[in-house]
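Written below as structure tokens is the structure these notes are about.
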Amino acid sequence: MTTTRIWIDGDGAPAACKEIIFKASQRTKLPVTLVANGYQQTPKLRWIQFQLVEGGLDVADDFIAEHCVCG
């Protein structure tokens with residue numbers, strides 16, 4: 001069984017959307033991974049992760065597509 005995870009393209013998602021997701025994750029402890037080509041601050045919670053990727057068009061999207069799983 002896989003655990004549901006929310007993946008966020010940190011370069012494309014508005015700050016307000018990221019904050020809503022972080023607050024919901026804090027309440028539900030649902031894992032979140034923020035992927036971006038530049039450092040972005042995330043809440044210091046063990047189930048919220050940040051993944052730095054190289055710069056370039058759709059690099060964060062490609063990383064998410066390669067690492068997410070069905071379910």
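Each chain in the structure tokens gets a letter, A, B, ..., in the order shown, and its residues are numbered from 1; ligands are numbered from 1 in order too.
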Run DSSP on the backbone and give me the residues of chain A it puts in strand (DSSP E), as an MDAnalysis selection string. chainID A and resid 6:9 32:36 48:52
When distances are computed from only C-alpha atoms, which of A:Glu19, A:Ala13, A:Cys70, A:Leu34 shows the smallest separation from Gln51 of chain A?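 Residue with the minimum atom-to-atom distance to Gln51 of chain A: A:Leu34.
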Find the residues around Leu57 of chain A up to 12 Å (only C-alpha atoms counted), leave out those fewer than 6 positions away in its own chain, and share them as a ChimeraX atom specification. /A:9,11-12,36-37,63
Just C-alpha atoms for this one: save the residues we selected as a CSV table (one decimal), in the first residue's frame.
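Now in out.csv:
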chain,number,residue,atom,x,y,z
A,9,ASP,CA,5.7,22.6,-8.4
A,11,ASP,CA,8.2,27.4,-9.1
A,12,GLY,CA,4.6,27.5,-10.5
A,36,ALA,CA,11.6,23.9,-7.2
A,37,ASN,CA,14.8,25.1,-9.0
A,63,PHE,CA,10.9,15.4,-11.5
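For Arg5 of chain A, the non-local neighbours within 12 Å, defined as residues at least 4 positions apart in the same chain or in other chains and counting only C-alpha atoms, are Ile21, Ser25, Thr28, Lys29, Leu30, Pro31, Val32, Thr33, Leu34, Trp47, Ile48, Gln49, Ile64, His67, Cys68, Val69, Cys70 and Gly71 of chain A.
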A:Gly38, A:Thr3, A:Asp62, A:Pro43: which is nearest Lys18 of chain A, counting only C-alpha atoms?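 Under the stated criterion, the closest residue is A:Pro43.
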Closest of A:Asp58, A:Lys23, A:Ala16, A:Glu66 to Leu45 of chain A, counting only C-alpha atoms, is A:Lys23
Could you tell me which of A:Arg27, A:Gly56, A:Ala65, A:Gly10 comes closest to Gln40 of chain A if we count only C-alpha atoms?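 For Gln40 of chain A, the nearest of the candidates is A:Gly10.
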